[in-house]
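> Next up, my_file10.cif (mmCIF, C-alpha atoms and all ligand atoms).
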```cif
data_model
loop_
_atom_site.label_atom_id
_atom_site.label_comp_id
_atom_site.auth_asym_id
_atom_site.auth_seq_id
_atom_site.Cartn_x
_atom_site.Cartn_y
_atom_site.Cartn_z
CA MET Y 3 126.99 33.49 35.90
CA SER Y 4 129.42 36.37 36.44
CA PHE Y 5 129.28 40.17 36.51
CA ASP Y 6 131.71 42.72 35.05
CA HIS Y 7 132.46 45.25 37.78
CA PRO Y 8 134.33 48.55 37.19
CA SER Y 9 136.64 47.95 40.19
CA PHE Y 10 136.73 44.18 40.56
CA GLY Y 11 136.48 42.99 36.96
CA LYS Y 12 134.63 39.71 36.48
CA ILE Y 13 132.99 38.60 39.71
CA ASP Y 14 131.11 35.41 40.24
CA ALA Y 15 127.40 35.63 41.13
CA SER Y 16 128.14 33.75 44.36
CA ARG Y 17 130.71 36.29 45.56
CA VAL Y 18 129.44 38.83 48.10
CA ILE Y 19 131.31 42.15 48.22
CA ILE Y 20 132.08 43.30 51.76
CA PHE Y 21 131.75 47.08 52.12
CA ASP Y 22 132.93 48.26 55.51
CA THR Y 23 131.63 51.56 56.85
CA THR Y 24 133.24 51.51 60.32
CA LEU Y 25 135.13 54.71 59.48
CA ARG Y 26 132.03 56.55 58.21
CA ASP Y 27 128.69 55.28 59.57
CA GLY Y 28 130.44 53.64 62.53
CA GLU Y 29 132.37 56.75 63.38
CA GLN Y 30 129.14 58.80 63.27
CA SER Y 31 127.91 57.21 66.50
CA PRO Y 32 128.32 59.12 69.77
CA GLY Y 33 131.69 58.55 71.41
CA PHE Y 34 133.20 56.60 68.50
CA SER Y 35 135.13 59.34 66.72
CA MET Y 36 138.72 58.53 65.74
CA ASN Y 37 141.68 60.72 64.93
CA LEU Y 38 143.63 60.56 61.68
CA ALA Y 39 146.32 58.16 62.92
CA GLU Y 40 143.66 55.83 64.37
CA LYS Y 41 141.66 55.88 61.12
CA LEU Y 42 144.78 55.04 59.12
CA ARG Y 43 145.53 52.10 61.43
CA MET Y 44 141.96 50.85 61.14
CA ALA Y 45 141.96 51.24 57.34
CA GLU Y 46 145.17 49.23 57.10
CA ALA Y 47 143.69 46.50 59.30
CA LEU Y 48 140.48 46.41 57.24
CA ALA Y 49 142.47 46.05 54.01
CA THR Y 50 144.48 43.18 55.51
CA LEU Y 51 141.25 41.60 56.74
CA GLY Y 52 140.16 41.41 53.10
CA VAL Y 53 137.44 44.06 53.05
CA ASP Y 54 136.58 44.84 49.40
CA VAL Y 55 135.45 48.44 49.87
CA ILE Y 56 136.41 50.76 52.75
CA GLU Y 57 134.11 53.73 53.21
CA ALA Y 58 136.65 56.16 54.63
CA GLY Y 59 134.44 59.17 55.40
CA PHE Y 60 132.35 62.09 54.22
CA PRO Y 61 134.87 64.63 52.83
CA VAL Y 62 132.55 67.64 52.63
CA ALA Y 63 131.52 67.24 56.29
CA SER Y 64 134.73 68.73 57.75
CA LYS Y 65 138.37 69.46 57.01
CA GLY Y 66 139.30 66.54 59.24
CA ASP Y 67 137.07 64.15 57.31
CA PHE Y 68 138.49 65.35 54.00
CA GLU Y 69 142.02 64.85 55.29
CA SER Y 70 141.40 61.35 56.61
CA VAL Y 71 139.74 60.18 53.36
CA ASN Y 72 142.63 61.71 51.43
CA GLN Y 73 145.31 60.06 53.59
CA ILE Y 74 143.57 56.68 53.47
CA ALA Y 75 143.26 57.04 49.68
CA ARG Y 76 147.00 57.71 49.45
CA HIS Y 77 148.24 55.03 51.81
CA THR Y 78 145.78 52.13 52.06
CA LYS Y 79 146.28 49.60 49.29
CA GLY Y 80 144.30 46.53 48.32
CA SER Y 81 140.73 47.73 48.93
CA VAL Y 82 138.57 50.15 46.95
CA ILE Y 83 138.45 53.42 48.91
CA CYS Y 84 135.05 55.08 49.01
CA ALA Y 85 133.88 58.56 50.00
CA LEU Y 86 130.34 59.66 50.81
CA ALA Y 87 128.56 62.63 49.17
CA ARG Y 88 125.01 63.97 49.07
CA THR Y 89 123.40 63.40 45.68
CA GLY Y 90 122.17 66.98 45.56
CA GLY Y 91 125.44 68.53 46.61
CA ALA Y 92 127.71 69.46 43.72
CA LYS Y 93 130.29 70.53 46.32
CA ASP Y 94 129.99 67.16 48.07
CA ILE Y 95 130.71 65.21 44.91
CA ALA Y 96 133.63 67.42 43.96
CA ALA Y 97 135.10 67.10 47.48
CA ALA Y 98 134.72 63.31 47.37
CA GLY Y 99 136.48 63.17 43.98
CA GLU Y 100 139.31 65.39 45.20
CA ALA Y 101 139.82 63.51 48.46
CA LEU Y 102 139.97 60.22 46.56
CA ALA Y 103 142.21 61.43 43.74
CA GLN Y 104 145.28 59.37 44.73
CA ALA Y 105 143.46 56.14 45.52
CA GLU Y 106 144.52 52.98 43.70
CA ARG Y 107 140.80 52.25 43.13
CA LYS Y 108 138.09 54.71 44.15
CA ARG Y 109 134.34 54.90 44.57
CA ILE Y 110 132.02 57.86 45.07
CA HIS Y 111 128.95 56.95 47.11
CA ASN Y 112 126.12 59.46 46.75
CA PHE Y 113 122.82 59.34 48.62
CA ILE Y 114 119.48 61.10 48.85
CA SER Y 115 116.30 60.31 50.77
CA THR Y 116 113.44 58.78 48.84
CA SER Y 117 110.77 58.04 51.47
CA PRO Y 118 107.68 60.32 51.67
CA LEU Y 119 108.56 61.25 55.26
CA HIS Y 120 112.14 62.24 54.50
CA MET Y 121 111.31 64.05 51.24
CA LYS Y 122 108.56 66.10 52.90
CA TYR Y 123 110.11 66.94 56.28
CA LYS Y 124 113.86 66.57 55.86
CA LEU Y 125 114.55 67.55 52.27
CA ARG Y 126 111.38 69.63 51.73
CA MET Y 127 111.51 68.51 48.13
CA GLU Y 128 108.99 67.16 45.64
CA PRO Y 129 109.62 63.62 44.40
CA GLU Y 130 110.27 64.93 40.87
CA THR Y 131 113.08 67.15 42.19
CA VAL Y 132 114.64 64.17 43.93
CA LEU Y 133 114.52 62.27 40.64
CA GLU Y 134 116.25 65.13 38.82
CA LEU Y 135 118.98 65.28 41.46
CA ILE Y 136 119.55 61.54 41.16
CA THR Y 137 120.28 62.06 37.48
CA THR Y 138 122.57 65.09 37.90
CA GLY Y 139 124.35 63.71 40.99
CA ASN Y 140 125.17 60.33 39.53
CA THR Y 141 126.22 61.87 36.21
CA ALA Y 142 128.61 64.20 38.08
CA ALA Y 143 130.03 61.33 40.15
CA ARG Y 144 130.43 59.17 37.07
CA ASN Y 145 132.50 61.92 35.45
CA LEU Y 146 135.02 61.46 38.28
CA THR Y 147 135.14 57.66 38.55
CA ASP Y 148 133.69 54.56 36.89
CA ASP Y 149 132.77 53.10 40.27
CA VAL Y 150 129.68 54.98 41.51
CA GLU Y 151 127.30 53.90 44.25
CA TRP Y 152 123.91 55.47 44.80
CA SER Y 153 121.85 55.02 47.98
CA ALA Y 154 118.14 55.57 48.50
CA GLU Y 155 118.22 56.83 52.08
CA ASP Y 156 115.24 55.44 54.04
CA GLY Y 157 114.80 53.12 51.05
CA SER Y 158 112.97 50.46 53.05
CA ARG Y 159 110.17 52.97 53.82
CA THR Y 160 109.94 54.24 50.24
CA ASP Y 161 106.93 53.72 47.98
CA PRO Y 162 107.87 50.72 45.76
CA ASP Y 163 106.85 52.39 42.47
CA PHE Y 164 108.84 55.52 43.29
CA LEU Y 165 111.82 53.43 44.43
CA CYS Y 166 111.81 51.67 41.05
CA ARG Y 167 111.82 55.04 39.26
CA CYS Y 168 114.70 56.32 41.41
CA VAL Y 169 116.79 53.20 40.87
CA GLU Y 170 116.15 53.34 37.14
CA ALA Y 171 117.26 57.00 37.04
CA ALA Y 172 120.44 56.22 39.02
CA ILE Y 173 121.36 53.33 36.70
CA LYS Y 174 120.73 55.43 33.60
CA ALA Y 175 122.97 58.18 35.01
CA GLY Y 176 125.83 55.73 35.54
CA ALA Y 177 125.56 54.28 39.07
CA THR Y 178 127.12 50.80 39.18
CA THR Y 179 126.05 49.85 42.72
CA ILE Y 180 122.55 50.47 44.05
CA ASN Y 181 122.24 50.49 47.82
CA ILE Y 182 118.88 50.22 49.59
CA PRO Y 183 119.40 51.19 53.22
CA ASP Y 184 117.08 50.30 56.03
CA THR Y 185 118.16 53.61 57.53
CA VAL Y 186 116.11 53.41 60.72
CA GLY Y 187 116.23 49.66 61.28
CA TYR Y 188 112.47 49.29 60.74
CA ALA Y 189 112.37 46.52 58.14
CA THR Y 190 111.92 42.81 58.67
CA PRO Y 191 113.75 40.09 56.74
CA GLU Y 192 110.58 39.55 54.66
CA ASP Y 193 110.56 43.24 53.69
CA MET Y 194 114.18 43.20 52.55
CA LEU Y 195 113.76 39.99 50.54
CA ARG Y 196 110.70 41.49 48.84
CA ILE Y 197 112.33 44.87 48.07
CA PHE Y 198 115.43 43.41 46.39
CA SER Y 199 113.45 40.78 44.48
CA MET Y 200 111.06 43.48 43.23
CA LEU Y 201 113.83 45.84 42.09
CA ARG Y 202 115.66 43.09 40.24
CA GLU Y 203 112.46 42.04 38.53
CA ARG Y 204 111.03 45.45 37.66
CA VAL Y 205 113.85 47.92 37.00
CA PRO Y 206 115.31 48.06 33.48
CA GLY Y 207 119.10 47.61 33.65
CA ALA Y 208 118.95 45.91 37.07
CA ASP Y 209 121.11 43.06 35.76
CA GLN Y 210 123.89 45.58 34.97
CA VAL Y 211 124.45 46.70 38.57
CA ILE Y 212 125.29 45.27 41.98
CA PHE Y 213 122.55 45.62 44.59
CA SER Y 214 123.69 46.41 48.10
CA ALA Y 215 122.19 46.03 51.59
CA HIS Y 216 122.76 48.52 54.42
CA ASN Y 217 120.83 47.56 57.52
CA HIS Y 218 120.64 49.34 60.85
CA ASN Y 219 120.01 47.46 64.06
CA ASP Y 220 117.23 49.37 65.84
CA LEU Y 221 115.15 46.20 66.22
CA GLY Y 222 118.16 43.90 66.50
CA LEU Y 223 117.44 42.62 62.97
CA ALA Y 224 120.36 44.07 61.01
CA VAL Y 225 122.15 40.77 60.40
CA ALA Y 226 118.95 38.82 59.69
CA ASN Y 227 117.84 41.58 57.29
CA THR Y 228 121.21 41.45 55.55
CA LEU Y 229 120.99 37.70 55.03
CA ALA Y 230 117.47 38.13 53.63
CA SER Y 231 118.76 40.87 51.32
CA VAL Y 232 121.37 38.48 49.96
CA GLU Y 233 118.62 35.94 49.38
CA GLY Y 234 116.77 38.66 47.48
CA GLY Y 235 119.78 39.21 45.21
CA ALA Y 236 121.97 41.78 47.00
CA ARG Y 237 125.64 41.03 46.36
CA GLN Y 238 127.18 43.78 48.44
CA ILE Y 239 126.84 43.96 52.19
CA GLU Y 240 127.45 47.18 54.11
CA CYS Y 241 128.56 46.58 57.66
CA THR Y 242 130.87 47.66 60.48
CA ILE Y 243 133.31 46.00 62.84
CA ASN Y 244 131.58 45.13 66.14
CA GLY Y 245 128.35 46.46 64.59
CA ILE Y 246 129.09 50.04 65.63
CA GLY Y 247 127.04 52.78 63.98
CA GLU Y 248 124.27 55.34 64.39
CA ARG Y 249 121.92 54.59 67.34
CA ALA Y 250 121.80 50.78 67.77
CA GLY Y 251 124.46 50.35 65.11
CA ASN Y 252 124.88 48.72 61.72
CA ALA Y 253 124.99 45.05 60.77
CA ALA Y 254 128.15 43.53 62.30
CA LEU Y 255 130.72 42.44 59.72
CA GLU Y 256 132.01 39.51 61.77
CA GLU Y 257 128.49 38.14 62.31
CA ILE Y 258 127.43 38.30 58.68
CA VAL Y 259 130.66 36.85 57.35
CA MET Y 260 130.54 33.95 59.79
CA ALA Y 261 126.81 33.37 59.18
CA LEU Y 262 127.50 33.06 55.45
CA ARG Y 263 130.42 30.76 56.11
CA THR Y 264 128.87 28.60 58.83
CA ARG Y 265 125.50 28.26 57.08
CA ASN Y 266 126.88 27.91 53.57
CA ASP Y 267 124.35 25.12 53.08
CA GLN Y 268 121.61 27.77 53.13
CA TYR Y 269 123.63 30.74 51.85
CA PRO Y 270 126.00 29.41 49.17
CA PHE Y 271 128.10 32.59 48.96
CA THR Y 272 131.71 33.50 49.52
CA THR Y 273 133.49 36.62 50.79
CA GLY Y 274 137.15 37.61 50.64
CA ILE Y 275 137.42 37.99 54.43
CA ASN Y 276 140.39 36.41 56.16
CA THR Y 277 138.30 35.24 59.12
CA PRO Y 278 141.16 34.39 61.55
CA ASP Y 279 141.84 38.15 61.63
CA LEU Y 280 138.34 39.01 62.87
CA LEU Y 281 139.11 38.99 66.59
CA LYS Y 282 142.27 41.06 66.14
CA VAL Y 283 140.45 43.79 64.19
CA SER Y 284 137.54 43.79 66.66
CA ARG Y 285 139.98 44.24 69.56
CA MET Y 286 141.84 46.97 67.70
CA LEU Y 287 138.63 48.96 67.25
CA ALA Y 288 137.63 48.44 70.90
CA THR Y 289 141.04 49.69 72.04
CA ILE Y 290 141.00 52.72 69.73
CA THR Y 291 137.48 53.79 70.71
CA SER Y 292 137.72 52.67 74.37
CA PHE Y 293 134.40 50.85 73.99
CA ASP Y 294 134.53 47.23 75.10
CA VAL Y 295 132.63 44.61 73.18
CA GLN Y 296 129.78 43.13 75.23
CA PRO Y 297 130.83 39.71 76.65
CA ASN Y 298 128.02 37.81 74.92
CA LYS Y 299 128.62 39.41 71.48
CA ALA Y 300 128.64 36.73 68.77
CA ILE Y 301 132.06 35.75 67.36
CA VAL Y 302 134.22 38.34 69.17
CA GLY Y 303 132.70 38.69 72.67
CA ARG Y 304 134.71 37.33 75.62
CA ASN Y 305 132.10 34.60 76.18
CA ALA Y 306 131.58 33.63 72.52
CA PHE Y 307 133.61 30.44 72.99
CA ALA Y 308 133.50 30.15 76.79
CA HIS Y 309 131.70 27.33 78.57
CA GLU Y 310 130.90 27.23 82.26
CA SER Y 311 128.16 24.65 82.65
CA GLY Y 312 129.45 21.21 83.55
CA ILE Y 313 127.35 19.46 80.93
CA HIS Y 314 128.60 21.78 78.18
CA GLN Y 315 132.22 21.58 79.34
CA ASP Y 316 132.04 17.79 79.35
CA GLY Y 317 130.58 17.83 75.83
CA VAL Y 318 133.21 20.24 74.49
CA LEU Y 319 136.02 18.14 75.97
CA LYS Y 320 134.66 15.05 74.22
CA ASN Y 321 133.88 16.78 70.94
CA ALA Y 322 133.89 20.58 70.56
CA ALA Y 323 131.16 20.41 67.90
CA THR Y 324 128.66 19.47 70.62
CA TYR Y 325 128.44 23.12 71.70
CA GLU Y 326 130.44 25.06 69.11
CA ILE Y 327 129.19 25.71 65.58
CA MET Y 328 132.52 27.07 64.33
CA THR Y 329 136.04 26.64 65.61
CA PRO Y 330 137.42 29.41 67.82
CA GLU Y 331 140.58 29.37 65.70
CA SER Y 332 138.58 30.17 62.54
CA VAL Y 333 137.81 33.65 63.92
CA GLY Y 334 141.07 34.29 65.74
CA TRP Y 335 140.71 32.77 69.21
CA THR Y 336 143.45 30.38 70.25
CA ARG Y 337 141.02 27.88 71.79
CA SER Y 338 137.66 27.64 73.54
CA SER Y 339 137.82 28.47 77.22
CA LEU Y 340 136.41 26.39 79.99
CA VAL Y 341 135.50 28.97 82.60
CA MET Y 342 135.52 27.55 86.09
CA GLY Y 343 132.49 28.38 88.19
CA LYS Y 344 129.71 26.73 90.16
CA HIS Y 345 128.32 25.09 87.00
CA SER Y 346 131.59 23.41 86.04
CA GLY Y 347 131.84 19.66 86.13
CA ARG Y 348 134.48 17.14 87.13
CA ALA Y 349 135.78 16.59 83.57
CA ALA Y 350 136.49 20.29 83.07
CA PHE Y 351 138.06 20.50 86.51
CA ARG Y 352 140.39 17.63 85.66
CA ASP Y 353 141.23 19.29 82.32
CA LYS Y 354 141.95 22.59 84.06
CA LEU Y 355 144.24 20.87 86.58
CA LYS Y 356 146.09 19.21 83.75
CA SER Y 357 146.59 22.54 81.98
CA LEU Y 358 147.98 23.95 85.26
CA GLY Y 359 150.47 21.09 85.55
CA TYR Y 360 148.62 18.95 88.14
CA ASP Y 361 148.10 15.73 86.28
CA SER Y 362 149.21 13.21 88.87
CA LEU Y 363 146.41 13.54 91.45
CA ASP Y 364 144.84 10.16 92.21
CA ASP Y 365 141.05 9.74 92.11
CA ALA Y 366 140.56 10.29 95.84
CA LYS Y 367 142.56 13.55 95.82
CA LEU Y 368 140.84 14.70 92.69
CA ASN Y 369 137.41 14.06 94.23
CA ASP Y 370 138.38 15.89 97.36
CA ALA Y 371 139.81 18.85 95.45
CA PHE Y 372 136.70 18.93 93.26
CA SER Y 373 134.37 19.08 96.23
CA ARG Y 374 136.45 21.91 97.80
CA PHE Y 375 136.40 23.70 94.44
CA LYS Y 376 132.57 23.45 94.36
CA ASP Y 377 132.36 24.99 97.85
CA LEU Y 378 134.62 27.82 96.72
CA ALA Y 379 132.67 28.34 93.48
CA ASP Y 380 129.47 28.66 95.50
CA ARG Y 381 131.02 31.49 97.45
CA LYS Y 382 132.81 33.24 94.57
CA LYS Y 383 131.38 34.35 91.22
CA ALA Y 384 134.41 33.29 89.20
CA VAL Y 385 137.18 30.96 90.22
CA TYR Y 386 140.54 31.99 88.82
CA ASP Y 387 143.54 29.79 88.05
CA GLU Y 388 145.30 31.14 91.16
CA ASP Y 389 142.38 29.98 93.37
CA ILE Y 390 142.60 26.53 91.88
CA ILE Y 391 146.35 26.37 92.31
CA ALA Y 392 145.99 27.38 95.98
CA LEU Y 393 143.30 24.78 96.47
CA VAL Y 394 145.28 21.94 94.88
CA ASP Y 395 148.50 22.95 96.62
CA ASP Y 396 146.55 22.57 99.88
CA GLU Y 397 145.35 19.20 98.67
CA VAL Y 398 148.87 18.02 97.89
CA ARG Y 399 150.18 19.33 101.25
CA ASP Y 400 147.25 18.20 103.47
CA HIS Y 401 147.05 14.61 102.33
O1 LIG E 501 121.71 54.56 56.87
C1 LIG E 501 121.79 55.19 55.80
O2 LIG E 501 120.80 55.43 55.09
C2 LIG E 501 123.11 55.65 55.39
C3 LIG E 501 123.23 56.20 54.01
C4 LIG E 501 124.01 57.46 53.98
C5 LIG E 501 123.82 55.16 53.11
O3 LIG E 501 124.06 55.50 56.11
ZN ZN E 502 123.64 54.02 57.71
#
```
As structure tokens, what does this structure read like?
Ligand code: KIV
Ligand code: ZN

Amino acid sequence: MSFDHPSFGKIDASRVIIFDTTLRDGEQSPGFSMNLAEKLRMAEALATLGVDVIEAGFPVASKGDFESVNQIARHTKGSVICALARTGGAKDIAAAGEALAQAERKRIHNFISTSPLHMKYKLRMEPETVLELITTGNTAARNLTDDVEWSAEDGSRTDPDFLCRCVEAAIKAGATTINIPDTVGYATPEDMLRIFSMLRERVPGADQVIFSAHNHNDLGLAVANTLASVEGGARQIECTINGIGERAGNAALEEIVMALRTRNDQYPFTTGINTPDLLKVSRMLATITSFDVQPNKAIVGRNAFAHESGIHQDGVLKNAATYEIMTPESVGWTRSSLVMGKHSGRAAFRDKLKSLGYDSLDDAKLNDAFSRFKDLADRKKAVYDEDIIALVDDEVRDH
């Protein structure tokens, strides 16, 4: 089965579109703002990474946002460039269209809240008014581009019958991608699976659009919810590099892409991501924003392929698959690292000595050096290459 998409042409039902919102939702988080030059560098890196859609910003929000979307639209080639707009804001949609005018391929992404809580307290609107705006907003966006995305903000907390009516109205008005955000990271994987399955079953015209997942990480479930959404029929994933985003962040691009790839037995889907570039792009974002990635972060954290325990190091030296479910090279690391510490074993110690050029120590010297290394590791948190060199130099001199 395949689908005819306004920007991508025929796409296979097993292909998942990667929509990156690092420069919009990611940039909205405290401390993560980027200047124009930094956004252009990031956009270029995202295009090279193979991201299908780059959400470049929210043009009506500020002059700076308009300018950065406009510059990315002019200069970044290869990906669809997308701009955000409120569904009810005629000015928003016009600004998005203008900012995107020079893009090779462009998308207008319009959104409005649909949950009872948001409609009553945030929008102060009746549901029928929201429905009318969905029709006028998507019609206006569709007059500017064939590639229109509509989002039901707080969609996961929306009444299912009303959500179906909203989605139907958006499709009728010309939206080609329907995004159901879990705006506050409240949903569980079961919820997301159920919501997408229901929409695909109940809404007329559902087979003519791409469904999209946009999960926030307030309960640490963003990636799990995204995988469940794909199971429910979503074929676009909205995510950010390093999982940055409002509050606890958005689903992390590198984690979802590698989950789909590593567990292809359970999720038989493909993406266009050039995975050996993942680490480079993650590091670029960390450098630009001055926010380090936590050491234990999956895929791109400093410890993601590091082993300290002796038993693990021994296993990895014999066959890396014993403790690694993907190769470090497949996501941009040069190799796994055997970190020397009090948990390291003799095999890793020998391997480390070899890599430092000490491969001629006999068994007695090696045993002696190993026992001195263990004493040192007990005293120090981490043992660096220089410590080991000093220790083995002593060994070679003393004996
Ligand atoms: O989280 C959210 O609901 C959003 C929408 C604007 C798509 O970011
Ligand atoms: Zn969001």
> I'd like the interatomic distance between atom C1 of ligand LIG 501 (chain E) and CA of Pro183 in chain Y, to a tenth of an Å.
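Distance between the two atoms: 5.3 Å.
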> Please return as a PyMOL selection string the residues found within 12 Å of ligand ZN 502 (chain E), counting all atoms listed in the file.
chain Y and resi 22-31+57+86+113+115+153-157+181-187+215-220+224+239-242+245-253
> Please return, as a CSV table (one decimal) with C-alpha atoms, in the coordinates of the input, all polymer residues that have at least one atom within 9 Å of the point (141.8, 34.2, 71.5); use all atoms listed in the file and the file's own coordinate frame.

```
chain,number,residue,atom,x,y,z
Y,281,LEU,CA,139.1,39.0,66.6
Y,282,LYS,CA,142.3,41.1,66.1
Y,302,VAL,CA,134.2,38.3,69.2
Y,304,ARG,CA,134.7,37.3,75.6
Y,330,PRO,CA,137.4,29.4,67.8
Y,331,GLU,CA,140.6,29.4,65.7
Y,333,VAL,CA,137.8,33.6,63.9
Y,334,GLY,CA,141.1,34.3,65.7
Y,335,TRP,CA,140.7,32.8,69.2
Y,336,THR,CA,143.4,30.4,70.2
Y,337,ARG,CA,141.0,27.9,71.8
Y,338,SER,CA,137.7,27.6,73.5
```
> For CA of Ala349 in chain Y and CA of Ser332 in chain Y, determine how far apart the two atoms are, in Å to one decimal place.
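According to the coordinates, CA of Ala349 in chain Y and CA of Ser332 in chain Y are separated by 25.2 Å.
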> Record the distance separating CA of Ser339 in chain Y and CA of Ala371 in chain Y, expressed in Å with one decimal.
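About the pair CA of Ser339 in chain Y and CA of Ala371 in chain Y: they are 20.7 Å apart.
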> So that I can see what lies close to Ser292 in chain Y, please list as an MDAnalysis selection string the residues with an atom at most 12 Å from it, counting all atoms listed in the file and leaving out residues fewer than 6 positions away in the same chain.
chainID Y and resid 33:36 284:286
> Taking all atoms listed in the file into account, which of Y:Thr160, Y:Gln104, Y:Thr228, Y:Thr137 comes nearest Ile74 in chain Y?
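Closest candidate: Y:Gln104.
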> Kindly indicate which residue among Y:Met44, Y:Glu151, Y:Asp54, Y:Ala15 lies nearest to ligand LIG 501 (chain E), using all atoms listed in the file for the distances.
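Going through Y:Met44, Y:Glu151, Y:Asp54, Y:Ala15 one by one, the smallest distance to ligand LIG 501 (chain E) is for Y:Glu151.
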> For ligand LIG 501 (chain E), take all atoms listed in the file, fit an axis-aligned box around them, add 6 Å to each of the six sides, then output centre and edge lengths in Å rounded to one decimal, as lines of an AutoDock Vina configuration file.

```
center_x = 122.4
center_y = 56.0
center_z = 55.0
size_x = 15.3
size_y = 14.9
size_z = 15.8
```
> Near Leu165 in chain Y, counting only C-alpha atoms, which residues have an atom at most 9 Å away, once you skip same-chain residues fewer than 3 positions from it, shown as a PDB file with C-alpha atoms, in the coordinates of the input?

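And here is the file that came out, selection_2.pdb:
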```
ATOM      1  CA  THR Y 116     113.440  58.780  48.840  1.00  0.00           C
ATOM      2  CA  SER Y 117     110.770  58.040  51.470  1.00  0.00           C
ATOM      3  CA  ALA Y 154     118.140  55.570  48.500  1.00  0.00           C
ATOM      4  CA  GLY Y 157     114.800  53.120  51.050  1.00  0.00           C
ATOM      5  CA  THR Y 160     109.940  54.240  50.240  1.00  0.00           C
ATOM      6  CA  ASP Y 161     106.930  53.720  47.980  1.00  0.00           C
ATOM      7  CA  PRO Y 162     107.870  50.720  45.760  1.00  0.00           C
ATOM      8  CA  CYS Y 168     114.700  56.320  41.410  1.00  0.00           C
ATOM      9  CA  VAL Y 169     116.790  53.200  40.870  1.00  0.00           C
ATOM     10  CA  GLU Y 170     116.150  53.340  37.140  1.00  0.00           C
ATOM     11  CA  LEU Y 201     113.830  45.840  42.090  1.00  0.00           C
TER      12      LEU Y 201
END
```
> Can you work out which one of Y:Tyr325, Y:Phe198, Y:Phe293, Y:Phe21 has the shortest atom-to-atom distance to ligand LIG 501 (chain E), counting all atoms listed in the file?
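For ligand LIG 501 (chain E), the nearest of the candidates is Y:Phe21.
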> From the set Y:Ala261, Y:Ala47, Y:Leu393, Y:Leu125, which residue has the shortest atom-to-atom contact distance to Lys376 in chain Y, counting all atoms listed in the file?
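Going through Y:Ala261, Y:Ala47, Y:Leu393, Y:Leu125 one by one, the smallest distance to Lys376 in chain Y is for Y:Leu393.
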> Taking into account all atoms listed in the file, which residue in the set Y:Lys174, Y:Lys65, Y:Lys41, Y:Lys93 is nearest to Thr78 in chain Y?
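Ranking Y:Lys174, Y:Lys65, Y:Lys41, Y:Lys93 by distance to Thr78 in chain Y, first place goes to Y:Lys41.
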> For a quick check of understanding, using only C-alpha atoms and all ligand atoms, which of Y:Ala97, Y:Ala230, Y:Ala92, Y:Ile110 has the smallest distance to ligand LIG 501 (chain E)?
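When distances to ligand LIG 501 (chain E) are compared using only C-alpha atoms and all ligand atoms, the smallest one comes from Y:Ile110.
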> Take range 367-378 of chain Y, bring it up to N, CA and C atoms, and give me the output as a compact mmCIF listing (two decimals), keeping the file's coordinate frame.

```txt
# COMPACT_ATOMS: atom_id res chain seq x y z
N LYS Y 367 142.13 12.15 95.67
CA LYS Y 367 142.56 13.55 95.82
C LYS Y 367 141.78 14.45 94.87
N LEU Y 368 141.59 13.91 93.69
CA LEU Y 368 140.84 14.70 92.69
C LEU Y 368 139.42 14.96 93.19
N ASN Y 369 138.78 13.91 93.73
CA ASN Y 369 137.41 14.06 94.23
C ASN Y 369 137.36 15.07 95.37
N ASP Y 370 138.33 14.99 96.23
CA ASP Y 370 138.38 15.89 97.36
C ASP Y 370 138.58 17.34 96.89
N ALA Y 371 139.53 17.50 95.98
CA ALA Y 371 139.81 18.85 95.45
C ALA Y 371 138.57 19.38 94.73
N PHE Y 372 137.88 18.50 94.01
CA PHE Y 372 136.70 18.93 93.26
C PHE Y 372 135.60 19.40 94.21
N SER Y 373 135.44 18.66 95.33
CA SER Y 373 134.37 19.08 96.23
C SER Y 373 134.73 20.40 96.93
N ARG Y 374 136.03 20.62 97.22
CA ARG Y 374 136.45 21.91 97.80
C ARG Y 374 136.31 23.05 96.78
N PHE Y 375 136.58 22.71 95.50
CA PHE Y 375 136.40 23.70 94.44
C PHE Y 375 134.93 24.12 94.34
N LYS Y 376 134.01 23.13 94.45
CA LYS Y 376 132.57 23.45 94.36
C LYS Y 376 132.15 24.37 95.50
N ASP Y 377 132.69 24.12 96.71
CA ASP Y 377 132.36 24.99 97.85
C ASP Y 377 132.82 26.42 97.56
N LEU Y 378 134.05 26.50 97.02
CA LEU Y 378 134.62 27.82 96.72
C LEU Y 378 133.80 28.53 95.63
```
